Amino acid sequence: MELHFEPITEENRKEAEALSPAPGQENYIESVADCMREADERDSWRPLGIYDGSTLVGFAMYGFFQEYLPAGRVWLDRLLIDRHFQHRGYGQIAVSCLLNRIWKEYGCSKIYLSVYSDNTAAINLYRKLGFAFNGELDLKGEKVMVCHSRGWSAEP
């Protein structure tokens, strides 16, 4: 596995927008097209293609949001492994690599994400990588999880 990230650009956008979740997961994440519209409207988003070699296997989007006072928050807001590539370990490796990337890019002490309470596969993955619920709900009613940089290990 040669996992790496590439920014979503005009050259790979259509391919990224063709990614889709497995049946039954459609309500857990917005379409990549919807994510890209959000990224077009707000430059704090960082949309990335997740590649194994030259094959696009997924999509992620993260960003920093100052409106979370007092110091703002960094969110790993979207993660999608295409339905054809699930159950191969891409999710765990991708999140681990994304956390490293985000820690380096922002120098933050916490990374936030949100997840639907019935998305047990995602919750188990995030817990395995150091995320824990903080008792908050986001605007859509998803439970917020946080990962602290201290004590975090890059080992998936």
# chains A, B, ... in the order shown; residues from 1 in each chain; ligands from 1
>>> select_by_dssp(residues="segment 33-147 of chain A", states="strand (DSSP E)", output="mmCIF file with C-alpha atoms, in the first residue's frame")
data_model
loop_
_atom_site.group_PDB
_atom_site.id
_atom_site.type_symbol
_atom_site.label_atom_id
_atom_site.label_comp_id
_atom_site.auth_asym_id
_atom_site.auth_seq_id
_atom_site.Cartn_x
_atom_site.Cartn_y
_atom_site.Cartn_z
ATOM 1 C CA TRP A 45 -11.281 23.822 3.979
ATOM 2 C CA ARG A 46 -8.518 21.512 2.726
ATOM 3 C CA PRO A 47 -10.056 18.868 0.408
ATOM 4 C CA LEU A 48 -7.768 15.948 -0.402
ATOM 5 C CA GLY A 49 -7.879 12.838 -2.525
ATOM 6 C CA ILE A 50 -6.640 9.699 -0.784
ATOM 7 C CA TYR A 51 -4.528 7.689 -3.205
ATOM 8 C CA ASP A 52 -2.965 4.256 -3.186
ATOM 9 C CA THR A 55 -5.584 4.970 -7.683
ATOM 10 C CA LEU A 56 -8.007 7.318 -5.965
ATOM 11 C CA VAL A 57 -9.496 5.337 -3.062
ATOM 12 C CA GLY A 58 -11.055 8.069 -0.935
ATOM 13 C CA PHE A 59 -11.591 11.671 0.039
ATOM 14 C CA ALA A 60 -10.913 13.731 3.155
ATOM 15 C CA MET A 61 -11.479 17.332 4.124
ATOM 16 C CA TYR A 62 -10.160 19.249 7.124
ATOM 17 C CA GLY A 63 -9.750 22.832 8.185
ATOM 18 C CA PHE A 64 -9.331 25.472 10.893
ATOM 19 C CA PHE A 65 -12.312 27.446 12.156
ATOM 20 C CA ARG A 73 -10.672 24.497 16.309
ATOM 21 C CA VAL A 74 -9.164 22.222 13.700
ATOM 22 C CA TRP A 75 -11.662 19.730 12.291
ATOM 23 C CA LEU A 76 -11.143 16.505 10.381
ATOM 24 C CA ASP A 77 -14.599 16.974 8.994
ATOM 25 C CA ARG A 78 -14.979 14.505 6.146
ATOM 26 C CA LEU A 79 -13.585 11.067 5.474
ATOM 27 C CA LEU A 80 -14.810 8.769 2.744
ATOM 28 C CA ILE A 81 -13.242 5.552 1.567
ATOM 29 C CA LYS A 110 -6.559 18.983 19.563
ATOM 30 C CA ILE A 111 -8.314 17.755 16.436
ATOM 31 C CA TYR A 112 -12.093 17.506 16.347
ATOM 32 C CA LEU A 113 -14.501 15.454 14.275
ATOM 33 C CA SER A 114 -18.163 14.545 14.480
ATOM 34 C CA VAL A 115 -19.901 11.247 13.905
ATOM 35 C CA ALA A 132 -12.936 10.287 22.564
ATOM 36 C CA PHE A 133 -16.373 11.854 22.864
ATOM 37 C CA ASN A 134 -16.341 15.260 24.543
ATOM 38 C CA GLY A 135 -20.078 15.531 25.286
ATOM 39 C CA GLU A 136 -20.836 18.076 22.553
ATOM 40 C CA LEU A 137 -23.126 17.806 19.538
ATOM 41 C CA LYS A 143 -21.526 13.595 18.458
ATOM 42 C CA VAL A 144 -18.221 15.447 18.655
ATOM 43 C CA MET A 145 -14.992 13.536 19.273
ATOM 44 C CA VAL A 146 -11.588 15.009 20.048
ATOM 45 C CA CYS A 147 -8.042 13.689 19.787
#
>>> closest_residue(among="A:Ser96, A:Ser109, A:Gln86, A:Ser20", to="Gly72 of chain A", atoms="only C-alpha atoms")
A:Ser109
>>> residues_around(residues="Pro21 of chain A", least_positions_apart="3", cutoff="9 Å", atoms="only C-alpha atoms", output="CSV table (one decimal) with N, CA and C atoms, in the first residue's frame")
chain,number,residue,atom,x,y,z
A,24,GLY,N,-26.0,1.9,2.6
A,24,GLY,CA,-26.3,2.0,4.0
A,24,GLY,C,-25.5,3.1,4.7
A,25,GLN,N,-24.4,3.6,4.0
A,25,GLN,CA,-23.6,4.7,4.6
A,25,GLN,C,-23.9,6.1,4.0
A,26,GLU,N,-24.8,6.1,3.1
A,26,GLU,CA,-25.1,7.4,2.4
A,26,GLU,C,-25.5,8.6,3.3
A,28,TYR,N,-24.3,9.2,6.2
A,28,TYR,CA,-23.2,9.5,7.2
A,28,TYR,C,-22.3,10.6,6.7
A,29,ILE,N,-22.3,10.9,5.4
A,29,ILE,CA,-21.4,11.9,4.8
A,29,ILE,C,-22.0,12.5,3.6
A,31,SER,N,-22.0,14.1,-0.1
A,31,SER,CA,-21.3,13.7,-1.4
A,31,SER,C,-20.1,14.6,-1.5
A,80,LEU,N,-14.1,9.7,3.5
A,80,LEU,CA,-14.8,8.8,2.7
A,80,LEU,C,-13.8,7.8,2.1
A,81,ILE,N,-13.9,6.6,2.3
A,81,ILE,CA,-13.2,5.6,1.6
A,81,ILE,C,-14.3,5.0,0.6
A,82,ASP,N,-14.0,5.0,-0.7
A,82,ASP,CA,-15.0,4.6,-1.7
A,82,ASP,C,-15.4,3.1,-1.4
A,83,ARG,N,-16.7,2.9,-1.7
A,83,ARG,CA,-17.2,1.6,-1.4
A,83,ARG,C,-16.4,0.4,-2.0
A,84,HIS,N,-15.8,0.6,-3.1
A,84,HIS,CA,-15.0,-0.5,-3.7
A,84,HIS,C,-13.7,-0.7,-3.0
A,86,GLN,N,-13.3,-0.3,0.6
A,86,GLN,CA,-13.5,-0.5,2.1
A,86,GLN,C,-13.1,-1.8,2.5
>>> atom_distance(atom1="atom CA of Tyr90 of chain A", atom2="atom CA of Lys104 of chain A")
21.0 Å
>>> closest_residue(among="A:Tyr106, A:Phe85, A:Phe131, A:Phe5", to="Ser44 of chain A", atoms="only C-alpha atoms")
A:Tyr106
>>> closest_residue(among="A:Asp43, A:Ala71, A:Gly89, A:Val32", to="Leu3 of chain A", atoms="only C-alpha atoms")
A:Gly89
>>> closest_residue(among="A:Ser149, A:Asn27, A:Arg127, A:Met36", to="Arg13 of chain A", atoms="only C-alpha atoms")
A:Met36
>>> closest_residue(among="A:Gly53, A:Pro7, A:Gly141, A:Gly91", to="Asp118 of chain A", atoms="only C-alpha atoms")
A:Gly141
>>> atom_distance(atom1="atom CA of His87 of chain A", atom2="atom CA of Glu2 of chain A")
16.3 Å
>>> decode(residues="segment 46-121 of chain A", atoms="C-alpha atoms", output="mmCIF file, in the first residue's frame")
data_model
loop_
_atom_site.group_PDB
_atom_site.id
_atom_site.type_symbol
_atom_site.label_atom_id
_atom_site.label_comp_id
_atom_site.auth_asym_id
_atom_site.auth_seq_id
_atom_site.Cartn_x
_atom_site.Cartn_y
_atom_site.Cartn_z
ATOM 1 C CA ARG A 46 -8.518 21.512 2.726
ATOM 2 C CA PRO A 47 -10.056 18.868 0.408
ATOM 3 C CA LEU A 48 -7.768 15.948 -0.402
ATOM 4 C CA GLY A 49 -7.879 12.838 -2.525
ATOM 5 C CA ILE A 50 -6.640 9.699 -0.784
ATOM 6 C CA TYR A 51 -4.528 7.689 -3.205
ATOM 7 C CA ASP A 52 -2.965 4.256 -3.186
ATOM 8 C CA GLY A 53 -0.285 4.720 -5.799
ATOM 9 C CA SER A 54 -2.152 6.323 -8.706
ATOM 10 C CA THR A 55 -5.584 4.970 -7.683
ATOM 11 C CA LEU A 56 -8.007 7.318 -5.965
ATOM 12 C CA VAL A 57 -9.496 5.337 -3.062
ATOM 13 C CA GLY A 58 -11.055 8.069 -0.935
ATOM 14 C CA PHE A 59 -11.591 11.671 0.039
ATOM 15 C CA ALA A 60 -10.913 13.731 3.155
ATOM 16 C CA MET A 61 -11.479 17.332 4.124
ATOM 17 C CA TYR A 62 -10.160 19.249 7.124
ATOM 18 C CA GLY A 63 -9.750 22.832 8.185
ATOM 19 C CA PHE A 64 -9.331 25.472 10.893
ATOM 20 C CA PHE A 65 -12.312 27.446 12.156
ATOM 21 C CA GLN A 66 -11.704 30.602 14.176
ATOM 22 C CA GLU A 67 -15.357 30.991 15.201
ATOM 23 C CA TYR A 68 -14.845 28.337 17.875
ATOM 24 C CA LEU A 69 -13.688 30.683 20.600
ATOM 25 C CA PRO A 70 -11.373 31.378 22.243
ATOM 26 C CA ALA A 71 -8.670 29.850 20.036
ATOM 27 C CA GLY A 72 -10.520 28.185 17.157
ATOM 28 C CA ARG A 73 -10.672 24.497 16.309
ATOM 29 C CA VAL A 74 -9.164 22.222 13.700
ATOM 30 C CA TRP A 75 -11.662 19.730 12.291
ATOM 31 C CA LEU A 76 -11.143 16.505 10.381
ATOM 32 C CA ASP A 77 -14.599 16.974 8.994
ATOM 33 C CA ARG A 78 -14.979 14.505 6.146
ATOM 34 C CA LEU A 79 -13.585 11.067 5.474
ATOM 35 C CA LEU A 80 -14.810 8.769 2.744
ATOM 36 C CA ILE A 81 -13.242 5.552 1.567
ATOM 37 C CA ASP A 82 -14.953 4.574 -1.680
ATOM 38 C CA ARG A 83 -17.247 1.572 -1.408
ATOM 39 C CA HIS A 84 -14.975 -0.464 -3.696
ATOM 40 C CA PHE A 85 -11.981 0.010 -1.374
ATOM 41 C CA GLN A 86 -13.493 -0.451 2.079
ATOM 42 C CA HIS A 87 -12.370 -3.194 4.498
ATOM 43 C CA ARG A 88 -8.778 -3.072 3.240
ATOM 44 C CA GLY A 89 -7.260 -0.937 5.992
ATOM 45 C CA TYR A 90 -7.342 2.363 4.095
ATOM 46 C CA GLY A 91 -9.468 4.163 6.690
ATOM 47 C CA GLN A 92 -7.155 3.513 9.611
ATOM 48 C CA ILE A 93 -4.007 4.367 7.695
ATOM 49 C CA ALA A 94 -5.605 7.450 6.126
ATOM 50 C CA VAL A 95 -6.785 8.861 9.469
ATOM 51 C CA SER A 96 -3.411 8.189 11.082
ATOM 52 C CA CYS A 97 -1.599 9.952 8.232
ATOM 53 C CA LEU A 98 -4.120 12.805 8.251
ATOM 54 C CA LEU A 99 -3.612 13.355 11.963
ATOM 55 C CA ASN A 100 0.145 13.632 11.430
ATOM 56 C CA ARG A 101 -0.409 16.051 8.548
ATOM 57 C CA ILE A 102 -2.836 18.199 10.557
ATOM 58 C CA TRP A 103 -0.616 18.304 13.682
ATOM 59 C CA LYS A 104 2.276 19.524 11.506
ATOM 60 C CA GLU A 105 0.242 21.997 9.460
ATOM 61 C CA TYR A 106 -1.573 23.694 12.330
ATOM 62 C CA GLY A 107 0.566 22.956 15.390
ATOM 63 C CA CYS A 108 -2.680 22.416 17.290
ATOM 64 C CA SER A 109 -3.152 20.433 20.484
ATOM 65 C CA LYS A 110 -6.559 18.983 19.563
ATOM 66 C CA ILE A 111 -8.314 17.755 16.436
ATOM 67 C CA TYR A 112 -12.093 17.506 16.347
ATOM 68 C CA LEU A 113 -14.501 15.454 14.275
ATOM 69 C CA SER A 114 -18.163 14.545 14.480
ATOM 70 C CA VAL A 115 -19.901 11.247 13.905
ATOM 71 C CA TYR A 116 -23.435 9.902 13.944
ATOM 72 C CA SER A 117 -24.061 7.797 17.042
ATOM 73 C CA ASP A 118 -25.126 4.772 14.964
ATOM 74 C CA ASN A 119 -21.975 4.818 12.802
ATOM 75 C CA THR A 120 -20.269 2.224 14.967
ATOM 76 C CA ALA A 121 -17.583 1.313 12.430
#
